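*Asks:* Quick one: the structure is below, and I'll ask about it shortly.
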Number of protein chains: 2
Amino acid sequence: MTLPVLGLPEISRIATPELVFTAVRDALIAHAEGRTSVPPPMVLDFPAHAGDCHVKAGYVEGSPYFVVKIASTFGSVNNGLMLVVDATSGTPAAVLADEGKLTAWRTAAAGALITDAMTPVGVDEVAVLGTGEQALLQVRWLRKLRPLRRVKVWGRRPEAVSRLCAAFAKDGLDARPDGLDGAVCVIATTAAREPLPGEAFRSAIQITGIGTDMPGKGELPVEVFAGAVIATDDHEQCLDHGDFGNAVRAGVVADDADLAVGAVLRDGVERAHRSVADLTGIGAVDAAVAAAVVARGVASGVVKWGPLPDQ
Amino acid sequence: MTLPVLGLPEISRIATPELVFTAVRDALIAHAEGRTSVPPPMVLDFPAHAGDCHVKAGYVEGSPYFVVKIASTFGSVNNGLMLVVDATSGTPAAVLADEGKLTAWRTAAAGALITDAMTPVGVDEVAVLGTGEQALLQVRWLRKLRPLRRVKVWGRRPEAVSRLCAAFAKDGLDARPDGLDGAVCVIATTAAREPLPGEAFRSAIQITGIGTDMPGKGELPVEVFAGAVIATDDHEQCLDHGDFGNAVRAGVVADDADLAVGAVLRDGVERAHRSVADLTGIGAVDAAVAAAVVARGVASGVVKWGPLPDQ
């Protein structure tokens, strides 16, 4: 048996925004409709090296492939890959040595899709909390769905805010280190464990939170959920460790107050004074993107089965 | 990032019996001493294709690598591979496309080690139940540890018994389709769901069971455990779904009547009228063998990091 390994350059050529958006949207809808399999993840800890490794698996019913994703963090270094397996035969089909980029892109695409779906047409200004990779990507991917004119950046470290503003300016945006004051559409991308004060969100009619992805995190003030239309990418997961769960435990909203992100993408949603999307990340979405990359790679001849080097 | 993929020919060259025996023995002892990590496995089901996929992970403390193993069964076809990851950095080190052989070899090595350790020196005749790959391998690997003269074969299908006897005869053994009558050392390798009658085991002073690896299976009659010295490869797992658990539930032995296989390999054991070893398979042993293959492959230059074919 041989096994094609695709590195980041090949994956980047195949995984166009159109491919990623389509795979993510379809997977979020399938997840909302109960057509996905996502077993509980496995965790291995390496305390001697400040490391941990999460193993996740996912499958969208009817997909030609299922996917096992290995993601590790040692100190501040992330690593990982996706193993794509034929779902009709169990034969390994390819390894995607994606350096974590497919996860970054699917997170950006999921955030952009729900932000666009829940934000009134015509809004062309967004504010981002956080100055990491997702702060940049959420805006870049949202621009693939709607025109943006201005972006406001909030972060704890002024030099990181300046750097991100410079990157946005280079993209042709009016980038301002203004914080959240007056922001109508807010995208939160931090690893915060303590939420920002609620005043910072008072003019927001759309809030998308993508940073709260594990127990102990929480970036959105629970008050923003009061009376809002709420969408979660996975009900149980957001209840367990998303910002939505923090709001439920604080008594701000009922534990069944949420719609599925996939249902909002499929059906649209009636607007209230505010809408909030809570994204914690779903293994089935990883699986869908990786499966789409391999399917297109096979179709285009990039993913080839050949002899091993020494044979 | 590039990722070396080793196929079966390369793996076969590296994984000498000495390497496998050493890795398996050390891992069984480490497991007995609580120096291993084995998170609960993940299972994905594909009912439309009569398929399932098990994802297991394992780590022996102090090893340079941890391992994620993917094993699938679709209809009657097994498939799989092992992903070996650097345990100090989280960097994927290699994929072993071993076609299930490393699992077969570690099962054979574990069975041979404990059979040899619990069977009096000088016994040079064994009986095997079952006619599959493990029936052949258990005997072949035991011969690497002690001289054997005669092997008796029991199976439900006479043609399979004849075929296995012919293979043993070719190996230079006195092979007999005699069943278990008078057998002193019995190795059970079947996927049986109903145990054989206890009379067949009446002369056995050592019984090694390797076939009962999931709930619903059970090849050893529960009576054979009565008053025996018992060794299990994993106490909880054997209690949950090994032959030992069947004997405990039948009231034949107490649920703490077992020693750890690793402790027996480390310290030896006092003989009783009979000893029984129940092996259900441990992820940490898979991990140890895969890690040893990659470590030796790196040391000998077989595992090389090079550019991707298209770069």
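We label chains A, B, ... in the order they appear in the structure tokens, count residues from 1 in each chain, and number ligands from 1 in the order shown.
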Might you pull out every residue within 7 Å of segment 74-88 of chain B, with only C-alpha atoms counted and same-chain residues fewer than 4 positions away left off, and present them as a PyMOL selection string?

*Replies:* (chain A and resi 49+89-91) or (chain B and resi 49-52+64-70+92-100+290-291)

*Asks:* Applying 7 Å and only C-alpha atoms, which residues near Val289 of chain A remain after dropping the ones on its own chain fewer than 4 positions away? List them as a PyMOL selection string.

*Replies:* chain A and resi 20+23-24+285+293

*Asks:* Restricting the output to C-alpha atoms, write the selected residues as a short mmCIF file (atom, residue, chain, number, x, y, z; two decimals), in the first residue's frame.

*Replies:*
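Output saved as again_25.cif:
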```
data_model
loop_
_atom_site.label_atom_id
_atom_site.label_comp_id
_atom_site.auth_asym_id
_atom_site.auth_seq_id
_atom_site.Cartn_x
_atom_site.Cartn_y
_atom_site.Cartn_z
CA VAL A 20 -13.77 25.60 1.59
CA ALA A 23 -17.64 22.18 2.22
CA VAL A 24 -18.08 24.16 5.46
CA VAL A 285 -16.51 20.41 9.38
CA VAL A 293 -9.53 18.64 -0.77
#
```

*Asks:* Counting only C-alpha atoms, what is within 9 Å of Pro197 of chain A, bar same-chain residues fewer than 4 positions away, as a PyMOL selection string?

*Replies:* chain A and resi 201+220-221

*Asks:* Using DSSP on the backbone coordinates, identify all residues within segment 124-209 of chain B classified as helix (DSSP H, G or I); present the result as a JSON list (two decimals) with N, CA, C and O atoms, in the first residue's frame.

*Replies:*
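Printed below is selection_26.json as written:
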```
[["chain", "number", "residue", "atom", "x", "y", "z"],
["B", 133, "GLU", "N", -4.40, -16.57, 11.16],
["B", 133, "GLU", "CA", -3.04, -16.02, 11.14],
["B", 133, "GLU", "C", -2.37, -16.15, 12.51],
["B", 133, "GLU", "O", -1.20, -16.51, 12.61],
["B", 134, "GLN", "N", -3.13, -15.89, 13.59],
["B", 134, "GLN", "CA", -2.52, -15.94, 14.91],
["B", 134, "GLN", "C", -2.17, -17.36, 15.34],
["B", 134, "GLN", "O", -1.23, -17.56, 16.11],
["B", 135, "ALA", "N", -2.93, -18.35, 14.88],
["B", 135, "ALA", "CA", -2.60, -19.74, 15.21],
["B", 135, "ALA", "C", -1.19, -20.05, 14.71],
["B", 135, "ALA", "O", -0.37, -20.64, 15.42],
["B", 136, "LEU", "N", -0.90, -19.61, 13.49],
["B", 136, "LEU", "CA", 0.43, -19.81, 12.91],
["B", 136, "LEU", "C", 1.48, -18.97, 13.64],
["B", 136, "LEU", "O", 2.55, -19.47, 14.03],
["B", 137, "LEU", "N", 1.16, -17.68, 13.85],
["B", 137, "LEU", "CA", 2.17, -16.77, 14.40],
["B", 137, "LEU", "C", 2.50, -17.07, 15.86],
["B", 137, "LEU", "O", 3.65, -16.93, 16.28],
["B", 138, "GLN", "N", 1.49, -17.45, 16.66],
["B", 138, "GLN", "CA", 1.77, -17.73, 18.08],
["B", 138, "GLN", "C", 2.82, -18.83, 18.21],
["B", 138, "GLN", "O", 3.72, -18.75, 19.05],
["B", 139, "VAL", "N", 2.70, -19.85, 17.37],
["B", 139, "VAL", "CA", 3.66, -20.96, 17.43],
["B", 139, "VAL", "C", 5.02, -20.52, 16.88],
["B", 139, "VAL", "O", 6.07, -20.78, 17.48],
["B", 140, "ARG", "N", 4.99, -19.82, 15.74],
["B", 140, "ARG", "CA", 6.27, -19.38, 15.15],
["B", 140, "ARG", "C", 7.04, -18.47, 16.10],
["B", 140, "ARG", "O", 8.25, -18.57, 16.23],
["B", 141, "TRP", "N", 6.31, -17.55, 16.77],
["B", 141, "TRP", "CA", 7.02, -16.62, 17.67],
["B", 141, "TRP", "C", 7.44, -17.31, 18.96],
["B", 141, "TRP", "O", 8.49, -16.99, 19.54],
["B", 142, "LEU", "N", 6.66, -18.29, 19.43],
["B", 142, "LEU", "CA", 7.08, -19.04, 20.63],
["B", 142, "LEU", "C", 8.36, -19.82, 20.35],
["B", 142, "LEU", "O", 9.23, -19.95, 21.23],
["B", 143, "ARG", "N", 8.50, -20.31, 19.11],
["B", 143, "ARG", "CA", 9.72, -21.05, 18.74],
["B", 143, "ARG", "C", 10.96, -20.18, 18.76],
["B", 143, "ARG", "O", 12.08, -20.68, 18.81],
["B", 158, "PRO", "N", -11.97, -28.91, 8.91],
["B", 158, "PRO", "CA", -10.86, -29.86, 8.70],
["B", 158, "PRO", "C", -9.86, -29.39, 7.64],
["B", 158, "PRO", "O", -8.65, -29.57, 7.81],
["B", 159, "GLU", "N", -10.34, -28.73, 6.58],
["B", 159, "GLU", "CA", -9.40, -28.31, 5.52],
["B", 159, "GLU", "C", -8.47, -27.21, 6.04],
["B", 159, "GLU", "O", -7.29, -27.14, 5.67],
["B", 160, "ALA", "N", -9.00, -26.36, 6.93],
["B", 160, "ALA", "CA", -8.14, -25.31, 7.51],
["B", 160, "ALA", "C", -7.11, -25.93, 8.46],
["B", 160, "ALA", "O", -5.95, -25.51, 8.52],
["B", 161, "VAL", "N", -7.54, -26.97, 9.20],
["B", 161, "VAL", "CA", -6.61, -27.67, 10.10],
["B", 161, "VAL", "C", -5.48, -28.31, 9.28],
["B", 161, "VAL", "O", -4.30, -28.19, 9.62],
["B", 162, "SER", "N", -5.85, -28.98, 8.17],
["B", 162, "SER", "CA", -4.83, -29.62, 7.31],
["B", 162, "SER", "C", -3.86, -28.59, 6.77],
["B", 162, "SER", "O", -2.64, -28.82, 6.74],
["B", 163, "ARG", "N", -4.40, -27.45, 6.33],
["B", 163, "ARG", "CA", -3.55, -26.41, 5.75],
["B", 163, "ARG", "C", -2.54, -25.90, 6.79],
["B", 163, "ARG", "O", -1.36, -25.74, 6.51],
["B", 164, "LEU", "N", -3.03, -25.68, 8.02],
["B", 164, "LEU", "CA", -2.15, -25.17, 9.07],
["B", 164, "LEU", "C", -1.10, -26.22, 9.46],
["B", 164, "LEU", "O", 0.08, -25.89, 9.65],
["B", 165, "CYS", "N", -1.54, -27.47, 9.53],
["B", 165, "CYS", "CA", -0.57, -28.55, 9.84],
["B", 165, "CYS", "C", 0.52, -28.62, 8.78],
["B", 165, "CYS", "O", 1.70, -28.81, 9.10],
["B", 166, "ALA", "N", 0.13, -28.43, 7.53],
["B", 166, "ALA", "CA", 1.12, -28.47, 6.44],
["B", 166, "ALA", "C", 2.12, -27.33, 6.62],
["B", 166, "ALA", "O", 3.34, -27.52, 6.41],
["B", 167, "ALA", "N", 1.62, -26.15, 7.02],
["B", 167, "ALA", "CA", 2.53, -25.01, 7.22],
["B", 167, "ALA", "C", 3.49, -25.29, 8.37],
["B", 167, "ALA", "O", 4.69, -25.02, 8.27],
["B", 168, "PHE", "N", 2.98, -25.87, 9.45],
["B", 168, "PHE", "CA", 3.85, -26.20, 10.58],
["B", 168, "PHE", "C", 4.86, -27.28, 10.19],
["B", 168, "PHE", "O", 6.03, -27.24, 10.61],
["B", 169, "ALA", "N", 4.41, -28.27, 9.41],
["B", 169, "ALA", "CA", 5.32, -29.34, 8.97],
["B", 169, "ALA", "C", 6.46, -28.75, 8.15],
["B", 169, "ALA", "O", 7.63, -29.14, 8.29],
["B", 170, "LYS", "N", 6.12, -27.78, 7.30],
["B", 170, "LYS", "CA", 7.13, -27.10, 6.49],
["B", 170, "LYS", "C", 8.15, -26.37, 7.38],
["B", 170, "LYS", "O", 9.32, -26.22, 7.03],
["B", 198, "GLY", "N", -15.03, -27.85, 28.73],
["B", 198, "GLY", "CA", -13.88, -27.84, 29.63],
["B", 198, "GLY", "C", -13.02, -29.09, 29.54],
["B", 198, "GLY", "O", -11.80, -29.03, 29.79],
["B", 199, "GLU", "N", -13.59, -30.26, 29.17],
["B", 199, "GLU", "CA", -12.81, -31.51, 29.11],
["B", 199, "GLU", "C", -11.60, -31.38, 28.18],
["B", 199, "GLU", "O", -10.55, -31.96, 28.42],
["B", 200, "ALA", "N", -11.79, -30.59, 27.10],
["B", 200, "ALA", "CA", -10.71, -30.46, 26.12],
["B", 200, "ALA", "C", -9.46, -29.85, 26.74],
["B", 200, "ALA", "O", -8.37, -29.97, 26.20],
["B", 201, "PHE", "N", -9.64, -29.13, 27.86],
["B", 201, "PHE", "CA", -8.50, -28.45, 28.49],
["B", 201, "PHE", "C", -7.99, -29.20, 29.72],
["B", 201, "PHE", "O", -7.15, -28.69, 30.45]]
```

*Asks:* Nearest residue to Ala175 of chain A out of A:Glu125, A:Asp243, A:Glu33, A:Asp258, using only C-alpha atoms?

*Replies:*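 For Ala175 of chain A, the nearest of the given residues is A:Glu125.
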
*Asks:* Let me make sure I understand: among A:Leu44, A:Ala127, A:Val264, A:Val222, which one has the smallest atom-to-atom distance to chain B if we use only C-alpha atoms?

*Replies:* A:Leu44
